[in-house]
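Below is one structure, written out as structure tokens, with a few remarks after it.
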Protein chains: 2
Amino acid sequence: MKNIILVGAGNVSTHLGIALKNCNYKIVQVYSRSNENAKKLAQKINTDFTNDLTQLKEANLIIVSVNDDAISDILSQLKNTAIVHTSGSIGLDVFNNNFSDCGVFYPIQTFNKEVDVNISEVPFCIEGNSLHFQNQLTQIAKRISNNVVIMDSEQRKQLHIAAIFACNFSNHMYSIADDLLAEKNIDFELLLPLIKQTITKLEKNKPKTVQTGPAKRKNKKIIQEHIDLIQEKEIKELYKKISANIIKTHE
Amino acid sequence: MKNIILVGAGNVSTHLGIALKNCNYKIVQVYSRSNENAKKLAQKINTDFTNDLTQLKEANLIIVSVNDDAISDILSQLKNTAIVHTSGSIGLDVFNNNFSDCGVFYPIQTFNKEVDVNISEVPFCIEGNSLHFQNQLTQIAKRISNNVVIMDSEQRKQLHIAAIFACNFSNHMYSIADDLLAEKNIDFELLLPLIKQTITKLEKNKPKTVQTGPAKRKNKKIIQEHIDLIQEKEIKELYKKISANIIKTHE
């Protein structure tokens, strides 16, 4: 499986493309419906590009990394080939039995084109429609990462939901903090040591056991005071709901 | 201000006591209403202890690190002395004009007795009821930390609310993730690289600009699918509310 086509030129495709190229896989072509994006990624990894799915070259494997909503439509335009998608939330069933070798190649990481990632530490979750194909995918994943696990679609879906809480939602908590600080001209950087320490604790402790704060301490007076101080209705509501859930969790 | 009494023997007192002792301050006594806790901390920093506020020794400064709710009661039992509390959410007004030198010595960090912290990187927010006392406090803080800022009670309250989002609430997001993974026998450690990367991004980017996930992409189909999959009512509700707020923030 040396020759690979990347369908999609977004954050995941970019990081995967670079990693695969660095491990001596040949990316024979990049597709994106945006010719400009296809070109940008193709230039980075020194290959061809197209924005026309009927113009795909021959390859051993197609890796589809597009928005979850677009996967099904893309697949309907492809002929039978060995193929994977990289989504945490889409099952094997999306391939609709139209591909003899199909699977999932899901990196548990938040990618951004502009931010470097040490991909060898990124866990990859692999699933294939046959043991043979699953082994082939595992082999590729093990070339680029030291952390490869086999995971079925049901587990992966749950993992994806968990990742949304752990990554997307915690990042949104930082974003809310940033907005609150900006209101009073305070620098967000003051919070970085606190944020880092919160993560360091997770290396040796379960998150529940290192929970701190007024809700953990069931300090309802402070909680109410904060709710009164927060200006924006939705942020007030989030403070209330999350605090209530912390109190419930630590009953 | 060489001789210090610690009132409280919890997480903050423990870390402060050790840091101050390491910087050649003399902790002359530890008070806790629990004799056992007072003794534990006193042994760590090789000093005396008591569980009786009427038995406090002479000192240049008393540092009160107790639950926010208990501060007022403790203060009412103390005679006039130079004194600070370490709470982010309690103002100078708690001292009720009963102390000629009073202030706040608030470390922006989540402390846990069992987890080491590099206190020299912890930002300290200082406030004093006079410029003279504020300068004395700043001097002490600068001995133990490289990051000392002057901050009034109003700013500090807002900072504390922001810290609750950035630290307590994000930790609760990890805790929810851990519970979701446990349901399907998946190891929480798989998420650690993702969590760390989310933090690394914050060093050079505002959290809002590096937001990812289905809500950021306004992928309502996936959001609904996740809401349907989550079993627990409150967690469902949190997924819904936080996603809605991300969508609103990125409109």
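In the structure tokens, each chain is lettered A, B, ... as it comes, each chain's residues begin at 1, and ligands are numbered from 1 in order of appearance.
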
Rows by chain and residue number, chain B within 7 Å of chain A, shortest pair, only C-alpha atoms, as a Markdown table:
```
| residue | atom | partner | partner_atom | distance |
| --- | --- | --- | --- | --- |
| B:Ile108 | CA | A:Leu194 | CA | 6.5 |
| B:Gln109 | CA | A:Leu194 | CA | 4.8 |
| B:Thr110 | CA | A:Leu194 | CA | 6.2 |
| B:Glu121 | CA | A:Pro193 | CA | 6.8 |
| B:Val122 | CA | A:Pro193 | CA | 6.3 |
| B:Pro123 | CA | A:Leu190 | CA | 6.4 |
| B:Gln155 | CA | A:Lys184 | CA | 6.2 |
| B:Gln158 | CA | A:Leu181 | CA | 6.7 |
| B:Leu159 | CA | A:Leu181 | CA | 6.3 |
| B:Ile161 | CA | A:His226 | CA | 6.6 |
| B:Ala162 | CA | A:Ala177 | CA | 4.2 |
| B:Ala163 | CA | A:Ala177 | CA | 6.7 |
| B:Ile164 | CA | A:Gly213 | CA | 6.7 |
| B:Phe165 | CA | A:Met173 | CA | 5.2 |
| B:Ala166 | CA | A:Tyr174 | CA | 4.8 |
| B:Cys167 | CA | A:Ile195 | CA | 5.8 |
| B:Asn168 | CA | A:Gly213 | CA | 5.8 |
| B:Phe169 | CA | A:Met173 | CA | 6.9 |
| B:Ser170 | CA | A:Ser170 | CA | 4.4 |
| B:Asn171 | CA | A:Pro207 | CA | 6.2 |
| B:His172 | CA | A:Ile246 | CA | 6.9 |
| B:Met173 | CA | A:Phe165 | CA | 5.2 |
| B:Tyr174 | CA | A:Ala166 | CA | 4.8 |
| B:Ser175 | CA | A:Pro207 | CA | 4.9 |
| B:Ala177 | CA | A:Ala162 | CA | 4.2 |
| B:Leu180 | CA | A:Ala162 | CA | 6.0 |
| B:Leu181 | CA | A:Leu159 | CA | 6.3 |
| B:Lys184 | CA | A:Gln155 | CA | 6.2 |
| B:Leu190 | CA | A:Pro123 | CA | 6.3 |
| B:Leu191 | CA | A:Ala163 | CA | 6.7 |
| B:Pro193 | CA | A:Val122 | CA | 6.3 |
| B:Leu194 | CA | A:Gln109 | CA | 4.8 |
| B:Ile195 | CA | A:Cys167 | CA | 5.8 |
| B:Thr198 | CA | A:Cys167 | CA | 6.4 |
| B:Pro207 | CA | A:Ser175 | CA | 4.9 |
| B:Lys208 | CA | A:Ser175 | CA | 5.3 |
| B:Gln211 | CA | A:Asn168 | CA | 6.5 |
| B:Thr212 | CA | A:Asn168 | CA | 5.9 |
| B:Gly213 | CA | A:Asn168 | CA | 5.8 |
| B:His226 | CA | A:Ile161 | CA | 6.6 |
| B:Ile242 | CA | A:Phe169 | CA | 6.9 |
| B:Ile246 | CA | A:His172 | CA | 6.9 |
```

Please list as a PDB file with C-alpha atoms, in the first residue's frame every residue within 12 Å of Leu75 in chain A, counting only C-alpha atoms and excluding residues in the same chain fewer than 2 positions away.
```pdb
ATOM      1  CA  VAL A   7      -9.255  13.239  -0.536  1.00  0.00           C
ATOM      2  CA  LEU A  53     -13.174  13.381  -8.454  1.00  0.00           C
ATOM      3  CA  THR A  54     -13.432  11.775 -11.912  1.00  0.00           C
ATOM      4  CA  ILE A  62      -7.619   6.519  -0.710  1.00  0.00           C
ATOM      5  CA  ILE A  63      -7.765   8.414   2.587  1.00  0.00           C
ATOM      6  CA  VAL A  64     -10.906  10.517   2.860  1.00  0.00           C
ATOM      7  CA  SER A  65     -10.516  13.386   5.344  1.00  0.00           C
ATOM      8  CA  VAL A  66     -13.419  15.717   4.729  1.00  0.00           C
ATOM      9  CA  ASP A  68     -18.318  14.316   8.333  1.00  0.00           C
ATOM     10  CA  ASP A  69     -21.324  15.584   6.400  1.00  0.00           C
ATOM     11  CA  ALA A  70     -19.515  15.343   3.068  1.00  0.00           C
ATOM     12  CA  ILE A  71     -18.120  11.786   3.386  1.00  0.00           C
ATOM     13  CA  SER A  72     -21.194  10.018   2.046  1.00  0.00           C
ATOM     14  CA  ASP A  73     -21.457  12.247  -1.008  1.00  0.00           C
ATOM     15  CA  GLN A  77     -18.692   9.375  -6.582  1.00  0.00           C
ATOM     16  CA  LEU A  78     -15.825   6.913  -6.155  1.00  0.00           C
ATOM     17  CA  LYS A  79     -15.330   3.527  -7.792  1.00  0.00           C
ATOM     18  CA  ASN A  80     -14.391   0.442  -5.806  1.00  0.00           C
ATOM     19  CA  THR A  81     -10.953   0.901  -4.220  1.00  0.00           C
ATOM     20  CA  ALA A  82      -9.222   0.327  -0.904  1.00  0.00           C
ATOM     21  CA  ILE A  83     -10.439   3.232   1.160  1.00  0.00           C
ATOM     22  CA  VAL A  84     -10.567   4.683   4.675  1.00  0.00           C
ATOM     23  CA  HIS A  85     -12.081   7.728   6.298  1.00  0.00           C
ATOM     24  CA  ASP A  93     -21.586   1.527   7.466  1.00  0.00           C
ATOM     25  CA  VAL A  94     -20.989   4.774   5.552  1.00  0.00           C
ATOM     26  CA  PHE A  95     -19.149   2.693   2.930  1.00  0.00           C
ATOM     27  CA  ASN A  96     -22.467   1.035   2.116  1.00  0.00           C
ATOM     28  CA  ASN A  97     -20.830  -2.252   0.983  1.00  0.00           C
ATOM     29  CA  ASN A  98     -19.583  -0.528  -2.164  1.00  0.00           C
ATOM     30  CA  PHE A  99     -15.909  -1.010  -1.349  1.00  0.00           C
ATOM     31  CA  CYS A 102     -12.817  -0.214   3.649  1.00  0.00           C
TER      32      CYS A 102
END
```

Practice task
From a DSSP pass on the backbone, collect the residues of range 80-177 of chain A flagged as strand (DSSP E or B) and hand them back as number ranges by chain.
Solution key: A: 83-85, 102-107, 112, 115, 124-128, 148-150

Handout entry: Between CA of Ile140 in chain A and CA of Glu36 in chain A, distance in Å (one decimal)
Key =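 One can read the CA of Ile140 in chain A to CA of Glu36 in chain A distance as 28.2 Å.
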
Which parts of range 49-215 of chain B does DSSP call helix (DSSP H, G or I) when run on the backbone here, written out as a CSV table (one decimal) with N, CA, C and O atoms, in the first residue's frame?
```csv
chain,number,residue,atom,x,y,z
B,53,LEU,N,-7.5,29.1,68.4
B,53,LEU,CA,-7.2,30.4,67.9
B,53,LEU,C,-6.7,31.4,69.1
B,53,LEU,O,-6.0,32.4,68.8
B,54,THR,N,-7.1,31.1,70.3
B,54,THR,CA,-6.7,32.0,71.4
B,54,THR,C,-5.2,31.7,71.8
B,54,THR,O,-4.6,32.5,72.5
B,55,GLN,N,-4.6,30.6,71.2
B,55,GLN,CA,-3.3,30.3,71.6
B,55,GLN,C,-2.2,30.7,70.5
B,55,GLN,O,-1.1,30.2,70.5
B,68,ASP,N,-13.5,29.8,51.9
B,68,ASP,CA,-14.0,31.1,51.8
B,68,ASP,C,-15.1,31.4,52.8
B,68,ASP,O,-15.1,32.5,53.5
B,69,ASP,N,-15.9,30.4,53.0
B,69,ASP,CA,-17.0,30.6,54.0
B,69,ASP,C,-16.5,30.8,55.4
B,69,ASP,O,-17.3,31.3,56.2
B,70,ALA,N,-15.3,30.3,55.7
B,70,ALA,CA,-14.9,30.3,57.1
B,70,ALA,C,-14.0,31.5,57.4
B,70,ALA,O,-13.7,31.8,58.6
B,71,ILE,N,-13.6,32.3,56.4
B,71,ILE,CA,-12.7,33.4,56.6
B,71,ILE,C,-13.3,34.4,57.7
B,71,ILE,O,-12.6,34.8,58.6
B,72,SER,N,-14.5,34.8,57.4
B,72,SER,CA,-15.1,35.8,58.3
B,72,SER,C,-15.1,35.4,59.7
B,72,SER,O,-14.8,36.2,60.6
B,73,ASP,N,-15.5,34.2,60.0
B,73,ASP,CA,-15.6,33.7,61.4
B,73,ASP,C,-14.2,33.7,62.0
B,73,ASP,O,-14.1,34.1,63.2
B,74,ILE,N,-13.2,33.2,61.3
B,74,ILE,CA,-11.8,33.2,61.8
B,74,ILE,C,-11.4,34.6,62.2
B,74,ILE,O,-10.9,34.9,63.2
B,75,LEU,N,-11.6,35.6,61.2
B,75,LEU,CA,-11.2,37.0,61.5
B,75,LEU,C,-11.8,37.5,62.7
B,75,LEU,O,-11.2,38.3,63.5
B,76,SER,N,-13.1,37.2,63.0
B,76,SER,CA,-13.7,37.8,64.2
B,76,SER,C,-13.1,37.3,65.5
B,76,SER,O,-13.3,37.9,66.5
B,92,LEU,N,-11.3,42.8,50.1
B,92,LEU,CA,-10.6,43.4,51.3
B,92,LEU,C,-11.7,43.7,52.3
B,92,LEU,O,-11.3,43.8,53.5
B,93,ASP,N,-12.9,43.9,51.9
B,93,ASP,CA,-14.0,44.3,52.9
B,93,ASP,C,-14.2,43.2,54.0
B,93,ASP,O,-14.7,43.6,55.0
B,94,VAL,N,-13.8,42.0,53.7
B,94,VAL,CA,-14.0,41.0,54.7
B,94,VAL,C,-13.3,41.3,56.0
B,94,VAL,O,-13.6,40.8,57.1
B,95,PHE,N,-12.2,42.1,55.9
B,95,PHE,CA,-11.4,42.5,57.1
B,95,PHE,C,-12.2,43.5,58.0
B,95,PHE,O,-11.8,43.7,59.2
B,119,ILE,N,6.3,26.6,42.3
B,119,ILE,CA,5.6,27.8,42.8
B,119,ILE,C,6.2,29.1,42.3
B,119,ILE,O,5.6,30.1,42.2
B,120,SER,N,7.5,29.0,41.8
B,120,SER,CA,8.1,30.2,41.2
B,120,SER,C,7.4,30.6,39.9
B,120,SER,O,7.6,31.8,39.5
B,121,GLU,N,6.6,29.7,39.3
B,121,GLU,CA,5.9,30.1,38.1
B,121,GLU,C,4.4,30.5,38.4
B,121,GLU,O,3.7,30.8,37.4
B,131,LEU,N,-0.5,51.5,50.6
B,131,LEU,CA,0.6,51.2,49.6
B,131,LEU,C,1.8,50.6,50.4
B,131,LEU,O,2.4,49.7,49.8
B,132,HIS,N,2.0,51.0,51.6
B,132,HIS,CA,3.1,50.5,52.4
B,132,HIS,C,3.0,49.0,52.6
B,132,HIS,O,3.9,48.2,52.3
B,133,PHE,N,1.8,48.6,53.0
B,133,PHE,CA,1.6,47.1,53.3
B,133,PHE,C,1.6,46.3,52.0
B,133,PHE,O,2.1,45.3,51.9
B,134,GLN,N,1.0,47.0,51.0
B,134,GLN,CA,1.0,46.3,49.6
B,134,GLN,C,2.4,46.0,49.1
B,134,GLN,O,2.7,45.0,48.6
B,135,ASN,N,3.3,47.0,49.4
B,135,ASN,CA,4.7,46.8,49.0
B,135,ASN,C,5.4,45.7,49.8
B,135,ASN,O,6.1,44.9,49.2
B,136,GLN,N,5.0,45.6,51.1
B,136,GLN,CA,5.6,44.6,51.9
B,136,GLN,C,5.2,43.2,51.4
B,136,GLN,O,5.9,42.3,51.3
B,137,LEU,N,3.9,43.1,51.0
B,137,LEU,CA,3.3,41.8,50.5
B,137,LEU,C,4.0,41.5,49.2
B,137,LEU,O,4.3,40.3,48.9
B,138,THR,N,4.1,42.5,48.3
B,138,THR,CA,4.7,42.3,47.0
B,138,THR,C,6.1,41.7,47.2
B,138,THR,O,6.5,40.8,46.4
B,139,GLN,N,6.9,42.3,48.1
B,139,GLN,CA,8.2,41.8,48.4
B,139,GLN,C,8.2,40.3,48.8
B,139,GLN,O,9.1,39.6,48.3
B,140,ILE,N,7.3,39.9,49.6
B,140,ILE,CA,7.3,38.5,50.0
B,140,ILE,C,6.9,37.6,48.8
B,140,ILE,O,7.6,36.6,48.5
B,141,ALA,N,5.9,38.1,48.1
B,141,ALA,CA,5.5,37.3,46.9
B,141,ALA,C,6.6,37.1,45.9
B,141,ALA,O,6.8,36.1,45.3
B,142,LYS,N,7.4,38.2,45.7
B,142,LYS,CA,8.5,38.2,44.7
B,142,LYS,C,9.6,37.2,45.2
B,142,LYS,O,10.4,36.8,44.3
B,143,ARG,N,9.7,37.0,46.5
B,143,ARG,CA,10.7,36.0,46.9
B,143,ARG,C,10.3,34.6,46.5
B,143,ARG,O,11.2,33.8,46.2
B,144,ILE,N,9.0,34.3,46.4
B,144,ILE,CA,8.6,32.9,46.1
B,144,ILE,C,8.1,32.8,44.6
B,144,ILE,O,8.1,31.7,44.1
B,153,SER,N,-9.7,44.2,44.2
B,153,SER,CA,-10.7,43.1,44.5
B,153,SER,C,-11.7,42.8,43.4
B,153,SER,O,-12.0,41.7,43.1
B,154,GLU,N,-12.0,43.9,42.6
B,154,GLU,CA,-13.0,43.6,41.5
B,154,GLU,C,-12.3,42.8,40.4
B,154,GLU,O,-12.9,41.9,39.9
B,155,GLN,N,-11.1,43.2,40.1
B,155,GLN,CA,-10.4,42.4,39.0
B,155,GLN,C,-10.2,41.0,39.5
B,155,GLN,O,-10.3,40.0,38.7
B,156,ARG,N,-9.8,40.8,40.7
B,156,ARG,CA,-9.5,39.5,41.3
B,156,ARG,C,-10.7,38.6,41.2
B,156,ARG,O,-10.7,37.4,40.9
B,157,LYS,N,-11.9,39.2,41.5
B,157,LYS,CA,-13.1,38.4,41.5
B,157,LYS,C,-13.4,37.9,40.1
B,157,LYS,O,-13.7,36.7,39.9
B,158,GLN,N,-13.2,38.8,39.1
B,158,GLN,CA,-13.4,38.4,37.7
B,158,GLN,C,-12.4,37.3,37.3
B,158,GLN,O,-12.7,36.3,36.7
B,159,LEU,N,-11.1,37.5,37.8
B,159,LEU,CA,-10.1,36.5,37.5
B,159,LEU,C,-10.5,35.2,38.1
B,159,LEU,O,-10.3,34.1,37.5
B,160,HIS,N,-11.0,35.2,39.3
B,160,HIS,CA,-11.4,33.9,39.9
B,160,HIS,C,-12.5,33.2,39.1
B,160,HIS,O,-12.4,32.0,38.9
B,161,ILE,N,-13.5,34.0,38.7
B,161,ILE,CA,-14.5,33.4,37.9
B,161,ILE,C,-13.9,32.8,36.6
B,161,ILE,O,-14.2,31.6,36.2
B,162,ALA,N,-13.0,33.5,36.0
B,162,ALA,CA,-12.4,33.0,34.7
B,162,ALA,C,-11.6,31.8,35.0
B,162,ALA,O,-11.6,30.8,34.3
B,163,ALA,N,-10.9,31.7,36.2
B,163,ALA,CA,-10.1,30.6,36.6
B,163,ALA,C,-11.0,29.3,36.8
B,163,ALA,O,-10.6,28.2,36.5
B,164,ILE,N,-12.2,29.6,37.3
B,164,ILE,CA,-13.1,28.5,37.5
B,164,ILE,C,-13.5,27.8,36.1
B,164,ILE,O,-13.5,26.6,36.0
B,165,PHE,N,-13.7,28.7,35.1
B,165,PHE,CA,-14.0,28.1,33.8
B,165,PHE,C,-12.8,27.4,33.3
B,165,PHE,O,-12.8,26.3,32.8
B,166,ALA,N,-11.6,28.1,33.4
B,166,ALA,CA,-10.4,27.6,32.7
B,166,ALA,C,-9.8,26.3,33.4
B,166,ALA,O,-9.2,25.5,32.8
B,167,CYS,N,-10.1,26.2,34.7
B,167,CYS,CA,-9.4,25.1,35.5
B,167,CYS,C,-10.5,24.1,36.0
B,167,CYS,O,-10.5,23.0,35.6
B,168,ASN,N,-11.4,24.6,36.8
B,168,ASN,CA,-12.3,23.7,37.5
B,168,ASN,C,-13.3,23.1,36.4
B,168,ASN,O,-13.5,21.9,36.4
B,169,PHE,N,-13.8,23.9,35.5
B,169,PHE,CA,-14.8,23.4,34.6
B,169,PHE,C,-14.1,22.6,33.5
B,169,PHE,O,-14.7,21.6,33.1
B,170,SER,N,-12.9,23.0,33.1
B,170,SER,CA,-12.3,22.1,32.1
B,170,SER,C,-11.9,20.8,32.7
B,170,SER,O,-12.1,19.7,32.1
B,171,ASN,N,-11.5,20.8,34.0
B,171,ASN,CA,-11.2,19.5,34.6
B,171,ASN,C,-12.5,18.7,34.7
B,171,ASN,O,-12.5,17.4,34.5
B,172,HIS,N,-13.6,19.3,34.9
B,172,HIS,CA,-14.9,18.5,35.0
B,172,HIS,C,-15.2,18.0,33.6
B,172,HIS,O,-15.7,16.9,33.5
B,173,MET,N,-14.8,18.7,32.5
B,173,MET,CA,-15.0,18.1,31.2
B,173,MET,C,-14.1,16.8,31.0
B,173,MET,O,-14.6,15.9,30.4
B,174,TYR,N,-12.9,16.8,31.6
B,174,TYR,CA,-12.1,15.6,31.5
B,174,TYR,C,-12.8,14.5,32.3
B,174,TYR,O,-12.7,13.3,31.9
B,175,SER,N,-13.4,14.9,33.4
B,175,SER,CA,-14.0,13.9,34.3
B,175,SER,C,-15.2,13.2,33.6
B,175,SER,O,-15.4,12.0,33.6
B,176,ILE,N,-15.9,14.1,32.9
B,176,ILE,CA,-17.1,13.5,32.1
B,176,ILE,C,-16.5,12.6,31.0
B,176,ILE,O,-17.0,11.5,30.8
B,177,ALA,N,-15.5,13.0,30.3
B,177,ALA,CA,-14.8,12.2,29.3
B,177,ALA,C,-14.4,10.9,29.9
B,177,ALA,O,-14.7,9.8,29.3
B,178,ASP,N,-13.8,10.9,31.0
B,178,ASP,CA,-13.3,9.7,31.7
B,178,ASP,C,-14.5,8.7,32.0
B,178,ASP,O,-14.4,7.5,31.7
B,179,ASP,N,-15.6,9.3,32.4
B,179,ASP,CA,-16.8,8.4,32.7
B,179,ASP,C,-17.3,7.8,31.4
B,179,ASP,O,-17.7,6.7,31.4
B,180,LEU,N,-17.4,8.6,30.4
B,180,LEU,CA,-17.9,8.1,29.1
B,180,LEU,C,-17.1,7.0,28.6
B,180,LEU,O,-17.6,6.0,28.1
B,181,LEU,N,-15.7,7.2,28.7
B,181,LEU,CA,-14.8,6.1,28.2
B,181,LEU,C,-15.0,4.9,29.0
B,181,LEU,O,-14.9,3.7,28.4
B,182,ALA,N,-15.1,5.0,30.3
B,182,ALA,CA,-15.2,3.9,31.2
B,182,ALA,C,-16.4,3.0,30.8
B,182,ALA,O,-16.3,1.7,30.8
B,183,GLU,N,-17.5,3.6,30.4
B,183,GLU,CA,-18.7,2.9,29.9
B,183,GLU,C,-18.3,1.8,28.8
B,183,GLU,O,-19.0,0.8,28.7
B,188,PHE,N,-8.6,6.3,29.4
B,188,PHE,CA,-8.6,7.8,29.4
B,188,PHE,C,-7.3,8.3,28.8
B,188,PHE,O,-7.2,9.3,28.2
B,189,GLU,N,-6.2,7.5,29.0
B,189,GLU,CA,-4.9,7.9,28.6
B,189,GLU,C,-4.8,8.2,27.1
B,189,GLU,O,-4.0,9.0,26.6
B,190,LEU,N,-5.7,7.5,26.3
B,190,LEU,CA,-5.7,7.8,24.9
B,190,LEU,C,-6.0,9.2,24.6
B,190,LEU,O,-5.6,9.7,23.5
B,191,LEU,N,-6.6,9.9,25.5
B,191,LEU,CA,-7.0,11.3,25.2
B,191,LEU,C,-5.9,12.3,25.6
B,191,LEU,O,-6.0,13.5,25.3
B,192,LEU,N,-4.9,11.8,26.4
B,192,LEU,CA,-3.9,12.8,26.9
B,192,LEU,C,-3.2,13.6,25.9
B,192,LEU,O,-3.0,14.8,26.0
B,193,PRO,N,-2.7,12.9,24.8
B,193,PRO,CA,-2.0,13.8,23.7
B,193,PRO,C,-2.9,14.9,23.2
B,193,PRO,O,-2.5,16.0,23.0
B,194,LEU,N,-4.2,14.5,23.0
B,194,LEU,CA,-5.2,15.5,22.5
B,194,LEU,C,-5.3,16.7,23.5
B,194,LEU,O,-5.3,17.8,23.1
B,195,ILE,N,-5.4,16.3,24.8
B,195,ILE,CA,-5.6,17.3,25.8
B,195,ILE,C,-4.3,18.2,25.9
B,195,ILE,O,-4.4,19.5,25.9
B,196,LYS,N,-3.2,17.6,25.8
B,196,LYS,CA,-1.9,18.4,25.9
B,196,LYS,C,-1.8,19.3,24.7
B,196,LYS,O,-1.4,20.5,24.8
B,197,GLN,N,-2.2,18.8,23.5
B,197,GLN,CA,-2.1,19.7,22.3
B,197,GLN,C,-3.0,20.9,22.4
B,197,GLN,O,-2.7,22.0,21.9
B,198,THR,N,-4.2,20.6,22.9
B,198,THR,CA,-5.1,21.7,23.1
B,198,THR,C,-4.5,22.9,23.9
B,198,THR,O,-4.7,24.1,23.6
B,199,ILE,N,-3.7,22.5,24.9
B,199,ILE,CA,-3.1,23.5,25.8
B,199,ILE,C,-1.9,24.1,25.1
B,199,ILE,O,-1.7,25.4,25.2
B,200,THR,N,-1.1,23.3,24.4
B,200,THR,CA,0.1,23.9,23.6
B,200,THR,C,-0.4,25.0,22.7
B,200,THR,O,0.3,26.0,22.6
B,201,LYS,N,-1.5,24.8,22.1
B,201,LYS,CA,-2.0,25.8,21.1
B,201,LYS,C,-2.2,27.1,21.8
B,201,LYS,O,-2.1,28.2,21.2
B,202,LEU,N,-2.6,27.1,23.1
B,202,LEU,CA,-2.9,28.3,23.8
B,202,LEU,C,-1.7,29.2,24.0
B,202,LEU,O,-1.8,30.4,24.3
B,207,PRO,N,-7.7,31.2,22.6
B,207,PRO,CA,-8.5,29.9,22.6
B,207,PRO,C,-9.6,29.9,21.5
B,207,PRO,O,-9.9,28.9,20.8
B,208,LYS,N,-10.2,31.1,21.3
B,208,LYS,CA,-11.3,31.1,20.3
B,208,LYS,C,-10.8,30.8,18.9
B,208,LYS,O,-11.5,30.1,18.2
B,209,THR,N,-9.6,31.2,18.6
B,209,THR,CA,-9.2,31.0,17.2
B,209,THR,C,-8.7,29.5,17.0
B,209,THR,O,-8.6,29.1,15.8
B,210,VAL,N,-8.5,28.8,18.0
B,210,VAL,CA,-8.1,27.4,17.8
B,210,VAL,C,-9.2,26.4,18.2
B,210,VAL,O,-9.0,25.2,18.3
```

Exercise for the section: Give me, please, the distance in Å between CA of Asn35 in chain B and CA of Leu56 in chain B, quoted to one decimal. Expected result: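 Result for CA of Asn35 in chain B versus CA of Leu56 in chain B: 13.7 Å, one decimal.
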
Exercise for the section: Compare A:Asn22, A:Asn3, A:Asn60, A:Asn11 by their minimum atom-to-atom distance to Asn37 in chain A, counting only C-alpha atoms, and give me the closest one. Expected result: A:Asn11

Exercise for the section: Could you check how far CA of Ser32 in chain B sits from CA of Gln224 in chain A, in Å to one decimal? Expected result: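 A separation of 27.0 Å between them.
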